[in-house]
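A.B. asks: One structure coming up, written as structure tokens, with questions to follow.
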Amino acid sequence: MNATDALFESWDRQCGIVAALAGRVNETNKHFKPSEDGWPLSRQLAHLHKTRAYHLAALDPERVAQLPELYRRGWEDPVEDLEMIRQALDESTIAVREVIQKALEEGVQQKGGYDHPVLCLQHLIWHEGWHVGLIFLALRLAGQEIPDEWEEANVWQKWRIEEW
């Protein structure tokens, strides 16, 4: 596997984690928050999609225009429909891969707020990991601790190849 393939594989793995965790969010827990002033789980997930679209817009505004909008007013008032959010995340997962891959193939360097498209992708991976942690925390604080077996299979085994 070359470095570019590994980079996109890391994106796919991170998105697999997000999708699995989004599957644990339901109508009864979608309002749980990681802190009193934190965002509810449904907003955390909608924010991931919005952030993906925001950062891709500098690289390919036409592709971003094809993505669903989950906010009714800019960055405020997100939808709470979990199926709509999950579908949007699936669509933006593909769009990020396509747009970054196209930018690399075209030799794009600095564009938007990044020195290179790879740095945009790395930022998205880091950003999503941050929100995954907040979602885990919100569930834990609300008494819905994620079982170790689920976490091992859906998070940690995505990244390593040895058996634990």
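For the structure tokens, the naming scheme is as follows: chains receive sequential letters (A, B, ...) according to their order of presentation, residues are indexed from 1 within each chain, and ligands are indexed from 1 in presentation order.
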If you run DSSP on the backbone here, which positions in segment 30-162 of chain A get strand (DSSP E)? Please write them as a ChimeraX atom specification.
C.D. replies: /A:71-73,76-78
A.B. asks: Excluding same-chain residues fewer than 3 positions from segment 64-74 of chain A, what lies within 10 Å of it counting only C-alpha atoms, as an NGL selection string?
C.D. replies: :A and (43 or 45-47 or 49-50 or 52-61 or 77-81 or 84-85 or 87-89 or 91-92 or 95-96 or 99)
A.B. asks: Go ahead and compute the interatomic distance for atom CA of Leu48 of chain A and atom CA of Glu106 of chain A, in Å to one decimal.
C.D. replies: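 Value for the atom CA of Leu48 of chain A-atom CA of Glu106 of chain A distance: 26.2 Å.
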A.B. asks: Which neighbours of Pro117 of chain A fall inside 7 Å, counting only C-alpha atoms, when residues of the same chain fewer than 6 positions from it are skipped, and could you give them as a compact mmCIF listing (two decimals) with C-alpha atoms, in the first residue's frame?
C.D. replies:
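Writing done, so here's result-v2.txt:
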```txt
# COMPACT_ATOMS: atom_id res chain seq x y z
CA ILE A 100 -9.44 15.07 -2.11
CA ALA A 103 -7.29 17.49 -5.97
CA LEU A 104 -4.29 15.19 -5.54
CA GLN A 109 -1.41 22.58 -3.53
```
A.B. asks: Between A:Thr93, A:Ala138, A:Glu145, A:His131, which residue has the minimum interatomic distance to Lys33 of chain A, considering only C-alpha atoms?
C.D. replies: A:Ala138
A.B. asks: From a DSSP pass on the backbone, collect the residues of segment 64-151 of chain A flagged as alpha helix (DSSP H) and hand them back as a PDB file with N, CA, C and O atoms, in the first residue's frame.
C.D. replies:
```
ATOM      1  N   VAL A  64     -19.850  19.949  -3.585  1.00  0.00           N
ATOM      2  CA  VAL A  64     -20.456  20.231  -2.280  1.00  0.00           C
ATOM      3  C   VAL A  64     -21.918  20.624  -2.443  1.00  0.00           C
ATOM      4  O   VAL A  64     -22.763  20.263  -1.617  1.00  0.00           O
ATOM      5  N   ALA A  65     -22.243  21.324  -3.511  1.00  0.00           N
ATOM      6  CA  ALA A  65     -23.631  21.748  -3.751  1.00  0.00           C
ATOM      7  C   ALA A  65     -24.565  20.542  -3.907  1.00  0.00           C
ATOM      8  O   ALA A  65     -25.779  20.676  -3.721  1.00  0.00           O
ATOM      9  N   LEU A  82     -32.512  11.454  12.456  1.00  0.00           N
ATOM     10  CA  LEU A  82     -31.311  10.625  12.472  1.00  0.00           C
ATOM     11  C   LEU A  82     -31.069   9.907  11.150  1.00  0.00           C
ATOM     12  O   LEU A  82     -29.918   9.765  10.726  1.00  0.00           O
ATOM     13  N   GLU A  83     -32.116   9.469  10.503  1.00  0.00           N
ATOM     14  CA  GLU A  83     -31.931   8.793   9.211  1.00  0.00           C
ATOM     15  C   GLU A  83     -31.386   9.771   8.180  1.00  0.00           C
ATOM     16  O   GLU A  83     -30.501   9.430   7.393  1.00  0.00           O
ATOM     17  N   MET A  84     -31.878  10.996   8.185  1.00  0.00           N
ATOM     18  CA  MET A  84     -31.382  12.030   7.272  1.00  0.00           C
ATOM     19  C   MET A  84     -29.914  12.336   7.566  1.00  0.00           C
ATOM     20  O   MET A  84     -29.097  12.480   6.646  1.00  0.00           O
ATOM     21  N   ILE A  85     -29.572  12.408   8.840  1.00  0.00           N
ATOM     22  CA  ILE A  85     -28.187  12.690   9.233  1.00  0.00           C
ATOM     23  C   ILE A  85     -27.273  11.549   8.796  1.00  0.00           C
ATOM     24  O   ILE A  85     -26.202  11.784   8.229  1.00  0.00           O
ATOM     25  N   ARG A  86     -27.682  10.316   9.050  1.00  0.00           N
ATOM     26  CA  ARG A  86     -26.858   9.166   8.656  1.00  0.00           C
ATOM     27  C   ARG A  86     -26.647   9.129   7.137  1.00  0.00           C
ATOM     28  O   ARG A  86     -25.543   8.853   6.655  1.00  0.00           O
ATOM     29  N   GLN A  87     -27.701   9.402   6.385  1.00  0.00           N
ATOM     30  CA  GLN A  87     -27.594   9.412   4.920  1.00  0.00           C
ATOM     31  C   GLN A  87     -26.637  10.521   4.461  1.00  0.00           C
ATOM     32  O   GLN A  87     -25.820  10.308   3.573  1.00  0.00           O
ATOM     33  N   ALA A  88     -26.754  11.683   5.067  1.00  0.00           N
ATOM     34  CA  ALA A  88     -25.862  12.793   4.712  1.00  0.00           C
ATOM     35  C   ALA A  88     -24.411  12.445   5.019  1.00  0.00           C
ATOM     36  O   ALA A  88     -23.505  12.754   4.229  1.00  0.00           O
ATOM     37  N   LEU A  89     -24.180  11.796   6.156  1.00  0.00           N
ATOM     38  CA  LEU A  89     -22.822  11.369   6.495  1.00  0.00           C
ATOM     39  C   LEU A  89     -22.291  10.376   5.465  1.00  0.00           C
ATOM     40  O   LEU A  89     -21.126  10.459   5.053  1.00  0.00           O
ATOM     41  N   ASP A  90     -23.125   9.450   5.030  1.00  0.00           N
ATOM     42  CA  ASP A  90     -22.701   8.505   3.993  1.00  0.00           C
ATOM     43  C   ASP A  90     -22.308   9.243   2.715  1.00  0.00           C
ATOM     44  O   ASP A  90     -21.289   8.930   2.089  1.00  0.00           O
ATOM     45  N   GLU A  91     -23.110  10.222   2.345  1.00  0.00           N
ATOM     46  CA  GLU A  91     -22.831  10.979   1.121  1.00  0.00           C
ATOM     47  C   GLU A  91     -21.565  11.823   1.243  1.00  0.00           C
ATOM     48  O   GLU A  91     -20.760  11.888   0.303  1.00  0.00           O
ATOM     49  N   SER A  92     -21.382  12.463   2.381  1.00  0.00           N
ATOM     50  CA  SER A  92     -20.187  13.295   2.525  1.00  0.00           C
ATOM     51  C   SER A  92     -18.930  12.450   2.723  1.00  0.00           C
ATOM     52  O   SER A  92     -17.833  12.887   2.372  1.00  0.00           O
ATOM     53  N   THR A  93     -19.075  11.233   3.232  1.00  0.00           N
ATOM     54  CA  THR A  93     -17.935  10.311   3.298  1.00  0.00           C
ATOM     55  C   THR A  93     -17.366  10.100   1.904  1.00  0.00           C
ATOM     56  O   THR A  93     -16.153  10.194   1.686  1.00  0.00           O
ATOM     57  N   ILE A  94     -18.239   9.829   0.955  1.00  0.00           N
ATOM     58  CA  ILE A  94     -17.832   9.592  -0.431  1.00  0.00           C
ATOM     59  C   ILE A  94     -17.303  10.879  -1.059  1.00  0.00           C
ATOM     60  O   ILE A  94     -16.275  10.874  -1.745  1.00  0.00           O
ATOM     61  N   ALA A  95     -17.980  11.990  -0.809  1.00  0.00           N
ATOM     62  CA  ALA A  95     -17.574  13.263  -1.408  1.00  0.00           C
ATOM     63  C   ALA A  95     -16.177  13.676  -0.956  1.00  0.00           C
ATOM     64  O   ALA A  95     -15.376  14.148  -1.778  1.00  0.00           O
ATOM     65  N   VAL A  96     -15.869  13.509   0.310  1.00  0.00           N
ATOM     66  CA  VAL A  96     -14.534  13.875   0.799  1.00  0.00           C
ATOM     67  C   VAL A  96     -13.478  13.079   0.040  1.00  0.00           C
ATOM     68  O   VAL A  96     -12.499  13.634  -0.458  1.00  0.00           O
ATOM     69  N   ARG A  97     -13.684  11.800  -0.057  1.00  0.00           N
ATOM     70  CA  ARG A  97     -12.726  10.935  -0.754  1.00  0.00           C
ATOM     71  C   ARG A  97     -12.568  11.380  -2.212  1.00  0.00           C
ATOM     72  O   ARG A  97     -11.457  11.521  -2.714  1.00  0.00           O
ATOM     73  N   GLU A  98     -13.685  11.605  -2.888  1.00  0.00           N
ATOM     74  CA  GLU A  98     -13.642  12.000  -4.302  1.00  0.00           C
ATOM     75  C   GLU A  98     -12.943  13.339  -4.505  1.00  0.00           C
ATOM     76  O   GLU A  98     -12.093  13.478  -5.392  1.00  0.00           O
ATOM     77  N   VAL A  99     -13.299  14.311  -3.697  1.00  0.00           N
ATOM     78  CA  VAL A  99     -12.754  15.666  -3.876  1.00  0.00           C
ATOM     79  C   VAL A  99     -11.261  15.699  -3.555  1.00  0.00           C
ATOM     80  O   VAL A  99     -10.475  16.294  -4.306  1.00  0.00           O
ATOM     81  N   ILE A 100     -10.862  15.071  -2.468  1.00  0.00           N
ATOM     82  CA  ILE A 100      -9.435  15.066  -2.113  1.00  0.00           C
ATOM     83  C   ILE A 100      -8.640  14.287  -3.153  1.00  0.00           C
ATOM     84  O   ILE A 100      -7.572  14.720  -3.589  1.00  0.00           O
ATOM     85  N   GLN A 101      -9.157  13.150  -3.590  1.00  0.00           N
ATOM     86  CA  GLN A 101      -8.466  12.356  -4.598  1.00  0.00           C
ATOM     87  C   GLN A 101      -8.300  13.147  -5.900  1.00  0.00           C
ATOM     88  O   GLN A 101      -7.228  13.157  -6.506  1.00  0.00           O
ATOM     89  N   LYS A 102      -9.352  13.827  -6.319  1.00  0.00           N
ATOM     90  CA  LYS A 102      -9.292  14.648  -7.533  1.00  0.00           C
ATOM     91  C   LYS A 102      -8.256  15.770  -7.377  1.00  0.00           C
ATOM     92  O   LYS A 102      -7.468  16.032  -8.292  1.00  0.00           O
ATOM     93  N   ALA A 103      -8.249  16.417  -6.220  1.00  0.00           N
ATOM     94  CA  ALA A 103      -7.287  17.495  -5.975  1.00  0.00           C
ATOM     95  C   ALA A 103      -5.852  16.969  -6.031  1.00  0.00           C
ATOM     96  O   ALA A 103      -4.968  17.624  -6.594  1.00  0.00           O
ATOM     97  N   LEU A 104      -5.633  15.782  -5.492  1.00  0.00           N
ATOM     98  CA  LEU A 104      -4.287  15.195  -5.539  1.00  0.00           C
ATOM     99  C   LEU A 104      -3.894  14.849  -6.974  1.00  0.00           C
ATOM    100  O   LEU A 104      -2.759  15.113  -7.389  1.00  0.00           O
ATOM    101  N   GLU A 105      -4.819  14.277  -7.715  1.00  0.00           N
ATOM    102  CA  GLU A 105      -4.540  13.917  -9.110  1.00  0.00           C
ATOM    103  C   GLU A 105      -4.239  15.154  -9.954  1.00  0.00           C
ATOM    104  O   GLU A 105      -3.425  15.103 -10.875  1.00  0.00           O
ATOM    105  N   PRO A 117      -4.165  19.508   0.061  1.00  0.00           N
ATOM    106  CA  PRO A 117      -5.388  18.738   0.296  1.00  0.00           C
ATOM    107  C   PRO A 117      -5.232  17.626   1.346  1.00  0.00           C
ATOM    108  O   PRO A 117      -6.180  17.315   2.065  1.00  0.00           O
ATOM    109  N   VAL A 118      -4.045  17.057   1.448  1.00  0.00           N
ATOM    110  CA  VAL A 118      -3.813  16.028   2.471  1.00  0.00           C
ATOM    111  C   VAL A 118      -4.020  16.606   3.866  1.00  0.00           C
ATOM    112  O   VAL A 118      -4.578  15.950   4.751  1.00  0.00           O
ATOM    113  N   LEU A 119      -3.613  17.835   4.066  1.00  0.00           N
ATOM    114  CA  LEU A 119      -3.781  18.463   5.380  1.00  0.00           C
ATOM    115  C   LEU A 119      -5.258  18.698   5.686  1.00  0.00           C
ATOM    116  O   LEU A 119      -5.678  18.618   6.838  1.00  0.00           O
ATOM    117  N   CYS A 120      -6.051  18.971   4.668  1.00  0.00           N
ATOM    118  CA  CYS A 120      -7.495  19.091   4.848  1.00  0.00           C
ATOM    119  C   CYS A 120      -8.065  17.759   5.325  1.00  0.00           C
ATOM    120  O   CYS A 120      -8.831  17.705   6.285  1.00  0.00           O
ATOM    121  N   LEU A 121      -7.676  16.678   4.672  1.00  0.00           N
ATOM    122  CA  LEU A 121      -8.174  15.358   5.061  1.00  0.00           C
ATOM    123  C   LEU A 121      -7.720  14.984   6.458  1.00  0.00           C
ATOM    124  O   LEU A 121      -8.508  14.467   7.269  1.00  0.00           O
ATOM    125  N   GLN A 122      -6.481  15.264   6.785  1.00  0.00           N
ATOM    126  CA  GLN A 122      -5.989  14.953   8.122  1.00  0.00           C
ATOM    127  C   GLN A 122      -6.744  15.757   9.178  1.00  0.00           C
ATOM    128  O   GLN A 122      -7.043  15.244  10.257  1.00  0.00           O
ATOM    129  N   HIS A 123      -7.043  17.007   8.881  1.00  0.00           N
ATOM    130  CA  HIS A 123      -7.822  17.810   9.814  1.00  0.00           C
ATOM    131  C   HIS A 123      -9.201  17.205  10.027  1.00  0.00           C
ATOM    132  O   HIS A 123      -9.699  17.120  11.147  1.00  0.00           O
ATOM    133  N   LEU A 124      -9.849  16.765   8.951  1.00  0.00           N
ATOM    134  CA  LEU A 124     -11.173  16.155   9.078  1.00  0.00           C
ATOM    135  C   LEU A 124     -11.115  14.893   9.937  1.00  0.00           C
ATOM    136  O   LEU A 124     -11.990  14.677  10.787  1.00  0.00           O
ATOM    137  N   ILE A 125     -10.095  14.074   9.753  1.00  0.00           N
ATOM    138  CA  ILE A 125      -9.958  12.865  10.567  1.00  0.00           C
ATOM    139  C   ILE A 125      -9.793  13.229  12.033  1.00  0.00           C
ATOM    140  O   ILE A 125     -10.449  12.659  12.910  1.00  0.00           O
ATOM    141  N   TRP A 126      -8.937  14.184  12.317  1.00  0.00           N
ATOM    142  CA  TRP A 126      -8.717  14.605  13.709  1.00  0.00           C
ATOM    143  C   TRP A 126     -10.013  15.186  14.284  1.00  0.00           C
ATOM    144  O   TRP A 126     -10.398  14.857  15.407  1.00  0.00           O
ATOM    145  N   HIS A 127     -10.660  16.038  13.539  1.00  0.00           N
ATOM    146  CA  HIS A 127     -11.898  16.679  13.983  1.00  0.00           C
ATOM    147  C   HIS A 127     -12.961  15.631  14.317  1.00  0.00           C
ATOM    148  O   HIS A 127     -13.655  15.724  15.328  1.00  0.00           O
ATOM    149  N   GLU A 128     -13.086  14.637  13.475  1.00  0.00           N
ATOM    150  CA  GLU A 128     -14.102  13.612  13.705  1.00  0.00           C
ATOM    151  C   GLU A 128     -13.766  12.764  14.919  1.00  0.00           C
ATOM    152  O   GLU A 128     -14.650  12.363  15.671  1.00  0.00           O
ATOM    153  N   GLY A 129     -12.474  12.505  15.129  1.00  0.00           N
ATOM    154  CA  GLY A 129     -12.067  11.782  16.334  1.00  0.00           C
ATOM    155  C   GLY A 129     -12.444  12.539  17.600  1.00  0.00           C
ATOM    156  O   GLY A 129     -12.866  11.947  18.603  1.00  0.00           O
ATOM    157  N   TRP A 130     -12.314  13.855  17.551  1.00  0.00           N
ATOM    158  CA  TRP A 130     -12.703  14.710  18.682  1.00  0.00           C
ATOM    159  C   TRP A 130     -14.188  14.512  19.002  1.00  0.00           C
ATOM    160  O   TRP A 130     -14.570  14.294  20.151  1.00  0.00           O
ATOM    161  N   HIS A 131     -15.018  14.577  17.974  1.00  0.00           N
ATOM    162  CA  HIS A 131     -16.462  14.438  18.187  1.00  0.00           C
ATOM    163  C   HIS A 131     -16.859  13.014  18.561  1.00  0.00           C
ATOM    164  O   HIS A 131     -17.796  12.823  19.337  1.00  0.00           O
ATOM    165  N   VAL A 132     -16.150  12.020  18.054  1.00  0.00           N
ATOM    166  CA  VAL A 132     -16.396  10.639  18.487  1.00  0.00           C
ATOM    167  C   VAL A 132     -16.190  10.541  19.994  1.00  0.00           C
ATOM    168  O   VAL A 132     -16.999   9.948  20.714  1.00  0.00           O
ATOM    169  N   GLY A 133     -15.126  11.146  20.487  1.00  0.00           N
ATOM    170  CA  GLY A 133     -14.876  11.153  21.936  1.00  0.00           C
ATOM    171  C   GLY A 133     -15.994  11.832  22.707  1.00  0.00           C
ATOM    172  O   GLY A 133     -16.410  11.355  23.771  1.00  0.00           O
ATOM    173  N   LEU A 134     -16.504  12.931  22.180  1.00  0.00           N
ATOM    174  CA  LEU A 134     -17.603  13.626  22.851  1.00  0.00           C
ATOM    175  C   LEU A 134     -18.878  12.778  22.863  1.00  0.00           C
ATOM    176  O   LEU A 134     -19.623  12.781  23.850  1.00  0.00           O
ATOM    177  N   ILE A 135     -19.120  12.053  21.793  1.00  0.00           N
ATOM    178  CA  ILE A 135     -20.299  11.188  21.737  1.00  0.00           C
ATOM    179  C   ILE A 135     -20.163  10.052  22.747  1.00  0.00           C
ATOM    180  O   ILE A 135     -21.112   9.750  23.487  1.00  0.00           O
ATOM    181  N   PHE A 136     -18.984   9.446  22.811  1.00  0.00           N
ATOM    182  CA  PHE A 136     -18.748   8.408  23.826  1.00  0.00           C
ATOM    183  C   PHE A 136     -18.990   8.971  25.224  1.00  0.00           C
ATOM    184  O   PHE A 136     -19.622   8.327  26.061  1.00  0.00           O
ATOM    185  N   LEU A 137     -18.475  10.167  25.489  1.00  0.00           N
ATOM    186  CA  LEU A 137     -18.629  10.785  26.800  1.00  0.00           C
ATOM    187  C   LEU A 137     -20.096  11.042  27.124  1.00  0.00           C
ATOM    188  O   LEU A 137     -20.554  10.756  28.233  1.00  0.00           O
ATOM    189  N   ALA A 138     -20.838  11.569  26.164  1.00  0.00           N
ATOM    190  CA  ALA A 138     -22.263  11.847  26.399  1.00  0.00           C
ATOM    191  C   ALA A 138     -23.018  10.563  26.747  1.00  0.00           C
ATOM    192  O   ALA A 138     -23.836  10.546  27.678  1.00  0.00           O
ATOM    193  N   LEU A 139     -22.747   9.507  26.010  1.00  0.00           N
ATOM    194  CA  LEU A 139     -23.418   8.236  26.293  1.00  0.00           C
ATOM    195  C   LEU A 139     -23.023   7.718  27.674  1.00  0.00           C
ATOM    196  O   LEU A 139     -23.869   7.257  28.455  1.00  0.00           O
ATOM    197  N   ARG A 140     -21.749   7.808  28.002  1.00  0.00           N
ATOM    198  CA  ARG A 140     -21.264   7.349  29.310  1.00  0.00           C
ATOM    199  C   ARG A 140     -21.915   8.138  30.443  1.00  0.00           C
ATOM    200  O   ARG A 140     -22.391   7.555  31.414  1.00  0.00           O
ATOM    201  N   LEU A 141     -21.941   9.453  30.322  1.00  0.00           N
ATOM    202  CA  LEU A 141     -22.509  10.288  31.387  1.00  0.00           C
ATOM    203  C   LEU A 141     -24.006  10.031  31.579  1.00  0.00           C
ATOM    204  O   LEU A 141     -24.536  10.220  32.667  1.00  0.00           O
ATOM    205  N   ASP A 148     -17.264  -2.845  26.039  1.00  0.00           N
ATOM    206  CA  ASP A 148     -15.890  -2.987  25.566  1.00  0.00           C
ATOM    207  C   ASP A 148     -15.818  -3.805  24.274  1.00  0.00           C
ATOM    208  O   ASP A 148     -15.029  -3.487  23.385  1.00  0.00           O
ATOM    209  N   GLU A 149     -16.633  -4.846  24.175  1.00  0.00           N
ATOM    210  CA  GLU A 149     -16.602  -5.706  22.987  1.00  0.00           C
ATOM    211  C   GLU A 149     -17.011  -4.918  21.737  1.00  0.00           C
ATOM    212  O   GLU A 149     -16.422  -5.080  20.668  1.00  0.00           O
ATOM    213  N   TRP A 150     -18.034  -4.089  21.878  1.00  0.00           N
ATOM    214  CA  TRP A 150     -18.479  -3.265  20.745  1.00  0.00           C
ATOM    215  C   TRP A 150     -17.392  -2.271  20.374  1.00  0.00           C
ATOM    216  O   TRP A 150     -17.064  -2.103  19.196  1.00  0.00           O
ATOM    217  N   GLU A 151     -16.831  -1.611  21.380  1.00  0.00           N
ATOM    218  CA  GLU A 151     -15.790  -0.617  21.138  1.00  0.00           C
ATOM    219  C   GLU A 151     -14.574  -1.258  20.469  1.00  0.00           C
ATOM    220  O   GLU A 151     -14.010  -0.708  19.513  1.00  0.00           O
TER     221      GLU A 151
END
```
A.B. asks: Report, in Å to a single decimal, how far apart atom CA of Ile17 of chain A and atom CA of Asn154 of chain A are.
C.D. replies: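 Rounded to one decimal, the two atoms are 6.0 Å apart.
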A.B. asks: With only C-alpha atoms as the atoms that count, which of A:Ala142, A:Val155, A:Leu7, A:Ile161 lies nearest to Glu36 of chain A?
C.D. replies: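 Selected residue with least distance to Glu36 of chain A: A:Ala142.
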A.B. asks: For atom CA of Pro40 of chain A and atom CA of Thr28 of chain A, quote the distance in Å rounded to one decimal.
C.D. replies: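 Atom CA of Thr28 of chain A lies 11.6 Å from atom CA of Pro40 of chain A.
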A.B. asks: Considering only C-alpha atoms, state which residue in the set A:Ile146, A:Thr51, A:Gly112, A:Ser35 is at the smallest distance from Leu21 of chain A.
C.D. replies: A:Ile146
